[in-house]
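As stored in structure-v2.pdb (PDB, C-alpha atoms, pLDDT in the B column):
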```pdb
ATOM      1  CA  MET J   1    -131.279 -68.875  -4.106  1.00 56.00           C
ATOM      2  CA  GLY J   2    -132.237 -71.155  -1.241  1.00 75.00           C
ATOM      3  CA  ASN J   3    -128.960 -72.414   0.154  1.00 90.00           C
ATOM      4  CA  ILE J   4    -125.695 -70.694   0.889  1.00 94.00           C
ATOM      5  CA  GLU J   5    -122.313 -72.059   1.902  1.00 95.00           C
ATOM      6  CA  ILE J   6    -119.990 -70.350   4.378  1.00 96.00           C
ATOM      7  CA  ILE J   7    -116.527 -71.760   3.791  1.00 96.00           C
ATOM      8  CA  GLY J   8    -113.572 -70.982   6.034  1.00 96.00           C
ATOM      9  CA  LEU J   9    -110.321 -70.422   4.169  1.00 95.00           C
ATOM     10  CA  HIS J  10    -107.558 -72.416   5.808  1.00 93.00           C
ATOM     11  CA  GLY J  11    -103.780 -72.233   5.890  1.00 92.00           C
ATOM     12  CA  LEU J  12    -103.506 -68.460   6.241  1.00 93.00           C
ATOM     13  CA  PRO J  13    -100.540 -67.100   8.229  1.00 91.00           C
ATOM     14  CA  GLU J  14    -100.277 -64.741  11.173  1.00 91.00           C
ATOM     15  CA  PHE J  15    -100.444 -61.592   9.079  1.00 93.00           C
ATOM     16  CA  ASP J  16     -98.160 -58.559   9.161  1.00 94.00           C
ATOM     17  CA  ILE J  17     -97.148 -55.789   6.762  1.00 95.00           C
ATOM     18  CA  SER J  18     -94.947 -58.172   4.762  1.00 96.00           C
ATOM     19  CA  HIS J  19     -97.870 -60.251   3.480  1.00 96.00           C
ATOM     20  CA  ASP J  20     -99.747 -59.950   0.204  1.00 97.00           C
ATOM     21  CA  LEU J  21    -103.274 -60.387   1.561  1.00 97.00           C
ATOM     22  CA  PRO J  22    -105.223 -60.820  -1.734  1.00 98.00           C
ATOM     23  CA  LYS J  23    -102.669 -63.325  -3.067  1.00 97.00           C
ATOM     24  CA  LEU J  24    -102.851 -65.426   0.096  1.00 97.00           C
ATOM     25  CA  ILE J  25    -106.665 -65.283   0.073  1.00 98.00           C
ATOM     26  CA  TYR J  26    -106.711 -66.478  -3.526  1.00 98.00           C
ATOM     27  CA  GLU J  27    -104.242 -69.302  -2.871  1.00 97.00           C
ATOM     28  CA  SER J  28    -106.213 -70.396   0.187  1.00 96.00           C
ATOM     29  CA  SER J  29    -109.448 -70.380  -1.821  1.00 97.00           C
ATOM     30  CA  LEU J  30    -107.846 -72.813  -4.286  1.00 97.00           C
ATOM     31  CA  SER J  31    -106.874 -75.290  -1.590  1.00 95.00           C
ATOM     32  CA  SER J  32    -109.984 -74.799   0.562  1.00 94.00           C
ATOM     33  CA  THR J  33    -112.772 -74.841  -2.031  1.00 94.00           C
ATOM     34  CA  GLY J  34    -111.315 -75.113  -5.543  1.00 95.00           C
ATOM     35  CA  GLY J  35    -111.004 -71.381  -6.092  1.00 96.00           C
ATOM     36  CA  ILE J  36    -113.279 -68.361  -6.381  1.00 97.00           C
ATOM     37  CA  LYS J  37    -116.428 -68.625  -8.492  1.00 96.00           C
ATOM     38  CA  SER J  38    -118.680 -65.990  -9.982  1.00 96.00           C
ATOM     39  CA  GLY J  39    -121.045 -64.601  -7.336  1.00 95.00           C
ATOM     40  CA  ASP J  40    -118.822 -65.465  -4.373  1.00 97.00           C
ATOM     41  CA  VAL J  41    -118.428 -63.012  -1.514  1.00 98.00           C
ATOM     42  CA  ILE J  42    -115.170 -62.869   0.431  1.00 98.00           C
ATOM     43  CA  VAL J  43    -115.503 -61.696   4.035  1.00 98.00           C
ATOM     44  CA  VAL J  44    -112.242 -60.554   5.600  1.00 97.00           C
ATOM     45  CA  THR J  45    -111.939 -59.783   9.299  1.00 95.00           C
ATOM     46  CA  GLN J  46    -110.794 -56.271  10.096  1.00 95.00           C
ATOM     47  CA  LYS J  47    -107.926 -57.400  12.273  1.00 94.00           C
ATOM     48  CA  ILE J  48    -105.850 -58.897   9.461  1.00 95.00           C
ATOM     49  CA  VAL J  49    -106.500 -55.891   7.227  1.00 97.00           C
ATOM     50  CA  SER J  50    -105.229 -53.623   9.996  1.00 96.00           C
ATOM     51  CA  LYS J  51    -102.159 -55.806  10.474  1.00 96.00           C
ATOM     52  CA  VAL J  52    -101.285 -55.821   6.768  1.00 97.00           C
ATOM     53  CA  GLU J  53    -101.859 -52.072   6.494  1.00 97.00           C
ATOM     54  CA  GLY J  54     -99.619 -51.299   9.466  1.00 96.00           C
ATOM     55  CA  MET J  55    -102.408 -50.128  11.771  1.00 96.00           C
ATOM     56  CA  VAL J  56    -100.933 -51.825  14.851  1.00 95.00           C
ATOM     57  CA  ARG J  57     -99.598 -49.546  17.580  1.00 96.00           C
ATOM     58  CA  ASP J  58     -97.529 -50.114  20.721  1.00 95.00           C
ATOM     59  CA  LEU J  59     -98.837 -48.332  23.809  1.00 95.00           C
ATOM     60  CA  LEU J  60     -95.235 -47.981  24.989  1.00 96.00           C
ATOM     61  CA  ASP J  61     -94.869 -45.314  22.302  1.00 96.00           C
ATOM     62  CA  VAL J  62     -97.967 -43.344  23.386  1.00 95.00           C
ATOM     63  CA  ILE J  63     -97.762 -40.290  25.655  1.00 97.00           C
ATOM     64  CA  PRO J  64    -101.205 -39.538  27.136  1.00 96.00           C
ATOM     65  CA  THR J  65    -102.476 -35.988  27.496  1.00 97.00           C
ATOM     66  CA  SER J  66    -103.928 -34.684  30.731  1.00 96.00           C
ATOM     67  CA  GLU J  67    -107.421 -35.101  29.238  1.00 96.00           C
ATOM     68  CA  ALA J  68    -106.742 -38.762  28.463  1.00 96.00           C
ATOM     69  CA  SER J  69    -105.221 -39.360  31.897  1.00 97.00           C
ATOM     70  CA  GLU J  70    -108.187 -37.789  33.684  1.00 96.00           C
ATOM     71  CA  LEU J  71    -110.703 -39.786  31.657  1.00 96.00           C
ATOM     72  CA  ALA J  72    -108.683 -42.988  32.084  1.00 95.00           C
ATOM     73  CA  ASP J  73    -108.681 -42.550  35.858  1.00 96.00           C
ATOM     74  CA  LYS J  74    -112.491 -42.322  35.877  1.00 95.00           C
ATOM     75  CA  LEU J  75    -112.846 -45.330  33.568  1.00 95.00           C
ATOM     76  CA  GLY J  76    -110.163 -47.489  35.146  1.00 94.00           C
ATOM     77  CA  LYS J  77    -108.394 -47.828  31.801  1.00 95.00           C
ATOM     78  CA  ASP J  78    -104.774 -47.427  30.693  1.00 95.00           C
ATOM     79  CA  PRO J  79    -104.342 -43.702  29.917  1.00 96.00           C
ATOM     80  CA  ARG J  80    -102.268 -44.579  26.849  1.00 96.00           C
ATOM     81  CA  LEU J  81    -105.167 -46.602  25.485  1.00 96.00           C
ATOM     82  CA  VAL J  82    -107.596 -43.774  26.211  1.00 96.00           C
ATOM     83  CA  GLN J  83    -105.264 -41.409  24.371  1.00 97.00           C
ATOM     84  CA  MET J  84    -105.423 -43.612  21.273  1.00 97.00           C
ATOM     85  CA  ILE J  85    -109.215 -43.875  21.588  1.00 97.00           C
ATOM     86  CA  LEU J  86    -109.522 -40.075  21.688  1.00 97.00           C
ATOM     87  CA  GLU J  87    -107.216 -39.706  18.683  1.00 97.00           C
ATOM     88  CA  GLN J  88    -109.353 -42.176  16.727  1.00 97.00           C
ATOM     89  CA  SER J  89    -112.665 -40.556  17.740  1.00 97.00           C
ATOM     90  CA  SER J  90    -114.608 -37.553  16.515  1.00 95.00           C
ATOM     91  CA  GLU J  91    -117.019 -37.572  19.466  1.00 94.00           C
ATOM     92  CA  ILE J  92    -117.587 -39.282  22.813  1.00 94.00           C
ATOM     93  CA  VAL J  93    -121.149 -40.623  22.662  1.00 93.00           C
ATOM     94  CA  ARG J  94    -121.528 -42.265  26.087  1.00 92.00           C
ATOM     95  CA  THR J  95    -119.434 -43.077  29.154  1.00 93.00           C
ATOM     96  CA  ASP J  96    -120.195 -45.479  31.992  1.00 93.00           C
ATOM     97  CA  PHE J  97    -117.541 -44.948  34.641  1.00 93.00           C
ATOM     98  CA  ASP J  98    -118.888 -47.731  36.867  1.00 92.00           C
ATOM     99  CA  ARG J  99    -118.371 -50.328  34.135  1.00 93.00           C
ATOM    100  CA  GLY J 100    -115.437 -48.649  32.423  1.00 92.00           C
ATOM    101  CA  VAL J 101    -117.317 -48.319  29.133  1.00 92.00           C
ATOM    102  CA  LEU J 102    -116.439 -45.660  26.555  1.00 94.00           C
ATOM    103  CA  ILE J 103    -118.645 -45.418  23.464  1.00 94.00           C
ATOM    104  CA  THR J 104    -117.415 -43.077  20.747  1.00 94.00           C
ATOM    105  CA  GLU J 105    -118.025 -42.119  17.170  1.00 94.00           C
ATOM    106  CA  SER J 106    -114.836 -43.112  15.423  1.00 95.00           C
ATOM    107  CA  ILE J 107    -113.173 -40.854  12.860  1.00 95.00           C
ATOM    108  CA  HIS J 108    -114.643 -43.268  10.292  1.00 94.00           C
ATOM    109  CA  GLY J 109    -118.206 -42.631  11.521  1.00 93.00           C
ATOM    110  CA  PHE J 110    -118.768 -45.897  13.414  1.00 94.00           C
ATOM    111  CA  ILE J 111    -120.515 -45.806  16.800  1.00 92.00           C
ATOM    112  CA  CYS J 112    -118.720 -48.401  18.886  1.00 92.00           C
ATOM    113  CA  ALA J 113    -116.751 -49.059  22.037  1.00 92.00           C
ATOM    114  CA  ASN J 114    -113.237 -47.622  22.185  1.00 94.00           C
ATOM    115  CA  ALA J 115    -113.294 -46.307  18.598  1.00 95.00           C
ATOM    116  CA  GLY J 116    -112.977 -49.906  17.416  1.00 94.00           C
ATOM    117  CA  ILE J 117    -109.524 -50.308  18.977  1.00 94.00           C
ATOM    118  CA  ASP J 118    -108.837 -53.872  20.059  1.00 90.00           C
ATOM    119  CA  SER J 119    -105.987 -56.005  21.388  1.00 87.00           C
ATOM    120  CA  SER J 120    -107.399 -59.499  20.756  1.00 83.00           C
ATOM    121  CA  ASN J 121    -105.355 -61.657  18.390  1.00 79.00           C
ATOM    122  CA  ILE J 122    -102.492 -59.169  18.639  1.00 84.00           C
ATOM    123  CA  GLU J 123     -99.192 -60.460  19.996  1.00 84.00           C
ATOM    124  CA  GLY J 124     -97.702 -58.528  22.912  1.00 83.00           C
ATOM    125  CA  ASP J 125     -99.311 -57.114  26.038  1.00 88.00           C
ATOM    126  CA  THR J 126     -99.000 -53.496  24.893  1.00 92.00           C
ATOM    127  CA  LYS J 127     -99.949 -53.851  21.206  1.00 94.00           C
ATOM    128  CA  ILE J 128    -103.315 -52.678  19.867  1.00 94.00           C
ATOM    129  CA  ALA J 129    -104.945 -52.652  16.443  1.00 95.00           C
ATOM    130  CA  LEU J 130    -106.680 -49.579  15.060  1.00 96.00           C
ATOM    131  CA  LEU J 131    -109.348 -49.777  12.391  1.00 96.00           C
ATOM    132  CA  PRO J 132    -108.134 -49.430   8.773  1.00 96.00           C
ATOM    133  CA  ARG J 133    -107.895 -45.812   7.628  1.00 95.00           C
ATOM    134  CA  ASP J 134    -110.540 -46.413   4.943  1.00 96.00           C
ATOM    135  CA  SER J 135    -112.165 -49.844   4.991  1.00 96.00           C
ATOM    136  CA  ASN J 136    -114.010 -49.285   1.705  1.00 96.00           C
ATOM    137  CA  ALA J 137    -110.718 -48.464  -0.003  1.00 96.00           C
ATOM    138  CA  SER J 138    -109.160 -51.559   1.569  1.00 97.00           C
ATOM    139  CA  ALA J 139    -112.038 -53.696   0.259  1.00 97.00           C
ATOM    140  CA  LYS J 140    -111.662 -52.187  -3.237  1.00 97.00           C
ATOM    141  CA  LYS J 141    -107.943 -53.007  -3.275  1.00 97.00           C
ATOM    142  CA  ILE J 142    -108.589 -56.611  -2.239  1.00 98.00           C
ATOM    143  CA  LEU J 143    -111.379 -56.880  -4.819  1.00 98.00           C
ATOM    144  CA  LYS J 144    -109.222 -55.548  -7.660  1.00 97.00           C
ATOM    145  CA  ASP J 145    -106.408 -57.988  -6.898  1.00 98.00           C
ATOM    146  CA  LEU J 146    -108.754 -60.963  -6.484  1.00 98.00           C
ATOM    147  CA  LYS J 147    -110.369 -60.186  -9.847  1.00 97.00           C
ATOM    148  CA  ASN J 148    -106.947 -60.112 -11.490  1.00 97.00           C
ATOM    149  CA  LEU J 149    -105.829 -63.330  -9.822  1.00 97.00           C
ATOM    150  CA  SER J 150    -109.017 -65.305 -10.391  1.00 96.00           C
ATOM    151  CA  GLY J 151    -110.212 -63.891 -13.695  1.00 96.00           C
ATOM    152  CA  ILE J 152    -113.666 -63.636 -12.122  1.00 95.00           C
ATOM    153  CA  ASP J 153    -115.458 -60.298 -12.392  1.00 93.00           C
ATOM    154  CA  SER J 154    -118.557 -60.808 -10.230  1.00 95.00           C
ATOM    155  CA  ILE J 155    -117.116 -60.946  -6.706  1.00 97.00           C
ATOM    156  CA  GLY J 156    -118.031 -59.141  -3.519  1.00 97.00           C
ATOM    157  CA  VAL J 157    -115.608 -58.246  -0.746  1.00 98.00           C
ATOM    158  CA  ILE J 158    -116.669 -57.322   2.794  1.00 98.00           C
ATOM    159  CA  ILE J 159    -114.450 -56.257   5.676  1.00 98.00           C
ATOM    160  CA  SER J 160    -116.074 -57.180   8.981  1.00 96.00           C
ATOM    161  CA  ASP J 161    -115.694 -56.124  12.587  1.00 95.00           C
ATOM    162  CA  THR J 162    -117.493 -56.973  15.834  1.00 92.00           C
ATOM    163  CA  PHE J 163    -119.699 -54.312  17.431  1.00 91.00           C
ATOM    164  CA  GLY J 164    -122.373 -54.145  20.087  1.00 88.00           C
ATOM    165  CA  ARG J 165    -125.899 -52.978  19.199  1.00 85.00           C
ATOM    166  CA  PRO J 166    -128.389 -50.504  20.690  1.00 83.00           C
ATOM    167  CA  TRP J 167    -131.145 -52.162  22.731  1.00 85.00           C
ATOM    168  CA  ARG J 168    -129.690 -55.693  22.481  1.00 90.00           C
ATOM    169  CA  ASP J 169    -127.054 -57.619  24.418  1.00 91.00           C
ATOM    170  CA  GLY J 170    -124.355 -59.587  22.671  1.00 92.00           C
ATOM    171  CA  HIS J 171    -122.094 -58.667  19.778  1.00 91.00           C
ATOM    172  CA  VAL J 172    -122.503 -59.134  16.031  1.00 93.00           C
ATOM    173  CA  ASN J 173    -120.166 -58.800  13.091  1.00 94.00           C
ATOM    174  CA  PHE J 174    -120.920 -55.784  10.922  1.00 95.00           C
ATOM    175  CA  ALA J 175    -119.613 -54.745   7.507  1.00 96.00           C
ATOM    176  CA  ILE J 176    -117.236 -51.800   7.919  1.00 97.00           C
ATOM    177  CA  GLY J 177    -116.059 -51.966   4.310  1.00 96.00           C
ATOM    178  CA  CYS J 178    -117.627 -53.233   1.105  1.00 97.00           C
ATOM    179  CA  ALA J 179    -116.662 -53.440  -2.571  1.00 96.00           C
ATOM    180  CA  GLY J 180    -117.971 -55.122  -5.707  1.00 96.00           C
ATOM    181  CA  MET J 181    -121.508 -55.299  -4.360  1.00 96.00           C
ATOM    182  CA  SER J 182    -124.205 -53.005  -3.059  1.00 94.00           C
ATOM    183  CA  PRO J 183    -124.420 -53.317   0.730  1.00 94.00           C
ATOM    184  CA  TYR J 184    -128.207 -53.364   0.330  1.00 90.00           C
ATOM    185  CA  ILE J 185    -130.945 -55.398  -1.280  1.00 82.00           C
ATOM    186  CA  ASP J 186    -133.931 -53.124  -1.845  1.00 76.00           C
ATOM    187  CA  TYR J 187    -137.316 -54.869  -1.961  1.00 68.00           C
ATOM    188  CA  LYS J 188    -139.280 -51.627  -2.355  1.00 64.00           C
ATOM    189  CA  ASP J 189    -142.186 -51.990  -4.804  1.00 60.00           C
ATOM    190  CA  THR J 190    -141.810 -55.795  -4.981  1.00 66.00           C
ATOM    191  CA  ILE J 191    -144.722 -58.108  -4.141  1.00 62.00           C
ATOM    192  CA  ASP J 192    -144.637 -60.195  -0.976  1.00 63.00           C
ATOM    193  CA  ALA J 193    -145.950 -63.755  -0.545  1.00 65.00           C
ATOM    194  CA  VAL J 194    -149.530 -62.599   0.027  1.00 65.00           C
ATOM    195  CA  GLY J 195    -149.637 -60.092  -2.805  1.00 65.00           C
ATOM    196  CA  LYS J 196    -148.877 -56.890  -0.888  1.00 63.00           C
ATOM    197  CA  VAL J 197    -146.539 -54.257  -2.291  1.00 59.00           C
ATOM    198  CA  LEU J 198    -143.506 -53.695  -0.060  1.00 59.00           C
ATOM    199  CA  LYS J 199    -142.895 -50.023   0.704  1.00 66.00           C
ATOM    200  CA  VAL J 200    -139.602 -49.518   2.532  1.00 62.00           C
ATOM    201  CA  THR J 201    -137.994 -52.929   3.077  1.00 70.00           C
ATOM    202  CA  THR J 202    -134.265 -52.455   2.476  1.00 82.00           C
ATOM    203  CA  ILE J 203    -132.072 -55.295   3.748  1.00 87.00           C
ATOM    204  CA  ALA J 204    -128.488 -54.575   4.785  1.00 92.00           C
ATOM    205  CA  VAL J 205    -127.181 -57.702   3.096  1.00 95.00           C
ATOM    206  CA  ALA J 206    -123.525 -56.811   3.713  1.00 96.00           C
ATOM    207  CA  ASP J 207    -124.178 -56.761   7.467  1.00 96.00           C
ATOM    208  CA  GLU J 208    -126.103 -60.037   7.261  1.00 95.00           C
ATOM    209  CA  LEU J 209    -123.225 -61.732   5.460  1.00 96.00           C
ATOM    210  CA  ALA J 210    -120.682 -60.260   7.864  1.00 97.00           C
ATOM    211  CA  ALA J 211    -122.702 -61.579  10.803  1.00 95.00           C
ATOM    212  CA  ALA J 212    -123.084 -65.012   9.215  1.00 95.00           C
ATOM    213  CA  SER J 213    -119.345 -65.213   8.564  1.00 95.00           C
ATOM    214  CA  GLU J 214    -118.615 -65.099  12.299  1.00 93.00           C
ATOM    215  CA  LEU J 215    -120.183 -68.542  12.649  1.00 92.00           C
ATOM    216  CA  VAL J 216    -117.105 -69.809  10.827  1.00 91.00           C
ATOM    217  CA  THR J 217    -114.376 -67.333  11.760  1.00 87.00           C
ATOM    218  CA  GLY J 218    -115.121 -67.241  15.497  1.00 73.00           C
ATOM    219  CA  LYS J 219    -112.695 -65.376  17.741  1.00 65.00           C
ATOM    220  CA  SER J 220    -110.184 -68.137  18.394  1.00 59.00           C
ATOM    221  CA  LEU J 221    -110.359 -70.443  15.379  1.00 71.00           C
ATOM    222  CA  ASN J 222    -107.620 -68.748  13.322  1.00 80.00           C
ATOM    223  CA  ILE J 223    -109.891 -68.534  10.276  1.00 91.00           C
ATOM    224  CA  PRO J 224    -109.842 -64.812   9.446  1.00 94.00           C
ATOM    225  CA  VAL J 225    -111.353 -65.078   5.956  1.00 96.00           C
ATOM    226  CA  VAL J 226    -114.438 -66.873   4.688  1.00 97.00           C
ATOM    227  CA  LEU J 227    -115.939 -67.385   1.275  1.00 97.00           C
ATOM    228  CA  ILE J 228    -119.734 -67.204   1.052  1.00 97.00           C
ATOM    229  CA  ARG J 229    -121.273 -68.940  -1.955  1.00 96.00           C
ATOM    230  CA  GLY J 230    -124.841 -68.874  -3.193  1.00 94.00           C
ATOM    231  CA  CYS J 231    -125.928 -65.553  -1.692  1.00 92.00           C
ATOM    232  CA  GLU J 232    -127.860 -62.878  -3.516  1.00 86.00           C
ATOM    233  CA  PHE J 233    -126.326 -59.453  -3.997  1.00 90.00           C
ATOM    234  CA  LYS J 234    -126.564 -56.572  -6.422  1.00 89.00           C
ATOM    235  CA  PRO J 235    -123.510 -55.210  -8.228  1.00 88.00           C
ATOM    236  CA  GLU J 236    -121.804 -52.156  -6.834  1.00 85.00           C
ATOM    237  CA  GLY J 237    -123.340 -48.940  -8.116  1.00 78.00           C
ATOM    238  CA  LEU J 238    -121.573 -45.929  -9.574  1.00 72.00           C
ATOM    239  CA  VAL J 239    -122.282 -43.949  -6.396  1.00 76.00           C
ATOM    240  CA  GLU J 240    -120.738 -45.345  -3.211  1.00 81.00           C
ATOM    241  CA  GLU J 241    -123.389 -46.470  -0.716  1.00 84.00           C
ATOM    242  CA  SER J 242    -122.854 -46.198   3.014  1.00 87.00           C
ATOM    243  CA  LEU J 243    -124.391 -48.314   5.753  1.00 87.00           C
ATOM    244  CA  LEU J 244    -123.936 -45.444   8.210  1.00 87.00           C
ATOM    245  CA  ARG J 245    -127.142 -43.705   9.191  1.00 85.00           C
ATOM    246  CA  PRO J 246    -126.922 -39.896   8.924  1.00 85.00           C
ATOM    247  CA  LYS J 247    -126.762 -38.305  12.363  1.00 83.00           C
ATOM    248  CA  GLU J 248    -129.901 -36.252  11.740  1.00 85.00           C
ATOM    249  CA  ASN J 249    -131.838 -39.506  11.176  1.00 83.00           C
ATOM    250  CA  ASP J 250    -130.336 -41.338  14.164  1.00 81.00           C
ATOM    251  CA  LEU J 251    -133.036 -41.665  16.823  1.00 77.00           C
ATOM    252  CA  PHE J 252    -130.774 -43.723  19.106  1.00 75.00           C
ATOM    253  CA  ARG J 253    -128.662 -40.699  20.027  1.00 71.00           C
TER     254      ARG J 253
END
```

Please render this file's structure as structure tokens.
Amino acid sequence: MGNIEIIGLHGLPEFDISHDLPKLIYESSLSSTGGIKSGDVIVVTQKIVSKVEGMVRDLLDVIPTSEASELADKLGKDPRLVQMILEQSSEIVRTDFDRGVLITESIHGFICANAGIDSSNIEGDTKIALLPRDSNASAKKILKDLKNLSGIDSIGVIISDTFGRPWRDGHVNFAIGCAGMSPYIDYKDTIDAVGKVLKVTTIAVADELAAASELVTGKSLNIPVVLIRGCEFKPEGLVEESLLRPKENDLFR
């Protein structure tokens, strides 16, 4: 490995529950880059997964509780949106009433603003997209169908979303779902360039690939899926691996 390609898949539609996402990804890969090859990783933005899985809600249908209304008043947010955030959260981690910021732990275990709820690239002023119910399961479904369509067994699938980070400004794409590949590359006990044995260097390769994919997908380019070719990854293990740090080991909270 020394070079990788990040290839945007073109010609994809504005997705909704009527679309067969893996089939359209496969067809786009044929026209965009000659099809899927062994070792390719497909990075799919969360938003289209949520759309296909019916995870879009209309705030007109939401009735806020008194708790949501009180919190919304302090934050300067729509109480219906705050209601959905609370329903999709297991814990409020931080609030900044001056800036209207609400950081929560989502029901999926992600620490992020607004439980990952977003309205960008969603038609309608009152429509919002929730995170997929189980992004790993979504990735596994896409992987299974892509394997069947392409006849290729060694494929990775990542579902990405954009989060902020502790101690750093700016946002980065993270992997919120992964299948067909370990989300890590573990260099423990390998020898570095000067002959030293590495002790604890574990690279979150799924996050690195998710972040790199944003250079092609952007937020307004209408390229919601990319194919990454030439990257190193290990096959998925028998035991599911999580990128989420256990709460007892989380020194940021």

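The residues returned by the PyMOL selection byres ((chain J and resi 105) around 8) on the shown structure are Ser89, Ser90, Glu91, Ile92, Val93, Ile103, Thr104, Ser106, Ile107, His108, Gly109, Phe110, Ile111, Cys112 and Ala115 of chain J.
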
Residues just named, written with C-alpha atoms as a short mmCIF file (atom, residue, chain, number, x, y, z; two decimals), in the frame of the given file:
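This is the output file selection_25.cif:
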```
data_model
loop_
_atom_site.label_atom_id
_atom_site.label_comp_id
_atom_site.auth_asym_id
_atom_site.auth_seq_id
_atom_site.Cartn_x
_atom_site.Cartn_y
_atom_site.Cartn_z
CA SER J 89 -112.66 -40.56 17.74
CA SER J 90 -114.61 -37.55 16.52
CA GLU J 91 -117.02 -37.57 19.47
CA ILE J 92 -117.59 -39.28 22.81
CA VAL J 93 -121.15 -40.62 22.66
CA ILE J 103 -118.64 -45.42 23.46
CA THR J 104 -117.42 -43.08 20.75
CA SER J 106 -114.84 -43.11 15.42
CA ILE J 107 -113.17 -40.85 12.86
CA HIS J 108 -114.64 -43.27 10.29
CA GLY J 109 -118.21 -42.63 11.52
CA PHE J 110 -118.77 -45.90 13.41
CA ILE J 111 -120.52 -45.81 16.80
CA CYS J 112 -118.72 -48.40 18.89
CA ALA J 115 -113.29 -46.31 18.60
#
```

Output as a tab-separated table one row per residue of stretch 19-138 of chain J within 9 Å of stretch 219-232 of chain J: the closest atom pair and its distance in Å to one decimal place, counting only C-alpha atoms, sorted by chain and residue number ascending.
```
residue	atom	partner	partner_atom	distance
J:Ile25	CA	J:Val225	CA	7.5
J:Ser29	CA	J:Leu227	CA	7.8
J:Thr33	CA	J:Leu227	CA	8.7
J:Ile36	CA	J:Leu227	CA	8.2
J:Lys37	CA	J:Arg229	CA	8.1
J:Ser38	CA	J:Arg229	CA	8.9
J:Gly39	CA	J:Arg229	CA	6.9
J:Asp40	CA	J:Arg229	CA	4.9
J:Val41	CA	J:Ile228	CA	5.1
J:Ile42	CA	J:Leu227	CA	4.7
J:Val43	CA	J:Val226	CA	5.3
J:Val44	CA	J:Val225	CA	4.6
J:Thr45	CA	J:Pro224	CA	5.5
J:Gln46	CA	J:Pro224	CA	8.6
J:Lys47	CA	J:Pro224	CA	8.2
J:Ile48	CA	J:Pro224	CA	7.1
J:Ser120	CA	J:Lys219	CA	8.5
J:Asn121	CA	J:Ser220	CA	8.1
```

**Q.** Matched chain/residue IDs from the PyMOL selection byres ((chain J and resi 177-185) around 6), as a list in words
**A.**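 This file, filtered by the PyMOL selection byres ((chain J and resi 177-185) around 6), leaves Ser135, Asn136, Ala139, Lys140, Ile155, Gly156, Val157, Ile158, Ile159, Ala175, Ile176, Asp186, Thr202, Ile203, Ala204, Val205, Ala206, Lys234, Pro235 and Glu236 of chain J.
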
(Q) Once the PyMOL selection byres ((chain J and resi 96) around 12) is applied to the coordinates I shared, what remains selected? I want it as a list in words. (A) Leu71, Ala72, Lys74, Leu75, Gly76, Ile92, Val93, Arg94, Thr95, Phe97, Asp98, Arg99, Gly100, Val101, Leu102, Ile103, Thr104 and Ala113 of chain J

Deliver the residues from the most recent selection as a file, using C-alpha atoms, as a PDB file, in the frame of the given file.
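Saved the output as out05.pdb:
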```
ATOM      1  CA  LEU J  71    -110.703 -39.786  31.657  1.00 96.00           C
ATOM      2  CA  ALA J  72    -108.683 -42.988  32.084  1.00 95.00           C
ATOM      3  CA  LYS J  74    -112.491 -42.322  35.877  1.00 95.00           C
ATOM      4  CA  LEU J  75    -112.846 -45.330  33.568  1.00 95.00           C
ATOM      5  CA  GLY J  76    -110.163 -47.489  35.146  1.00 94.00           C
ATOM      6  CA  ILE J  92    -117.587 -39.282  22.813  1.00 94.00           C
ATOM      7  CA  VAL J  93    -121.149 -40.623  22.662  1.00 93.00           C
ATOM      8  CA  ARG J  94    -121.528 -42.265  26.087  1.00 92.00           C
ATOM      9  CA  THR J  95    -119.434 -43.077  29.154  1.00 93.00           C
ATOM     10  CA  PHE J  97    -117.541 -44.948  34.641  1.00 93.00           C
ATOM     11  CA  ASP J  98    -118.888 -47.731  36.867  1.00 92.00           C
ATOM     12  CA  ARG J  99    -118.371 -50.328  34.135  1.00 93.00           C
ATOM     13  CA  GLY J 100    -115.437 -48.649  32.423  1.00 92.00           C
ATOM     14  CA  VAL J 101    -117.317 -48.319  29.133  1.00 92.00           C
ATOM     15  CA  LEU J 102    -116.439 -45.660  26.555  1.00 94.00           C
ATOM     16  CA  ILE J 103    -118.645 -45.418  23.464  1.00 94.00           C
ATOM     17  CA  THR J 104    -117.415 -43.077  20.747  1.00 94.00           C
ATOM     18  CA  ALA J 113    -116.751 -49.059  22.037  1.00 92.00           C
TER      19      ALA J 113
END
```

Q: Compare J:Val216, J:Leu146, J:Ala68, J:Ile63 by their minimum atom-to-atom distance to J:Lys23, counting only C-alpha atoms, and give me the closest one.
A: J:Leu146

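Nearest residue to J:Ile128 among J:Leu86, J:Ile142, J:Leu149, J:Leu60 is J:Leu60, counting only C-alpha atoms.
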
Q) Rounded to one decimal in Å, what is the spacing between atom CA of J:Thr126 and atom CA of J:Gly11? A)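 Going from atom CA of J:Thr126 over to atom CA of J:Gly11, I get 27.1 Å.
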
Q. Do you have the atom CA of J:Glu27-atom CA of J:Met55 distance handy?
A. 24.2 Å

Q | Pairwise distance for atom CA of J:Leu238 and atom CA of J:Ser160, rounded to one decimal in Å | A |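 For atom CA of J:Leu238 relative to atom CA of J:Ser160, the distance reads 22.4 Å.
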
Q | Nearest to J:Gly218 by atom-to-atom distance, counting all atoms listed in the file, from J:Asp161, J:Asp125, J:Glu241, J:Glu14 | A | J:Asp161
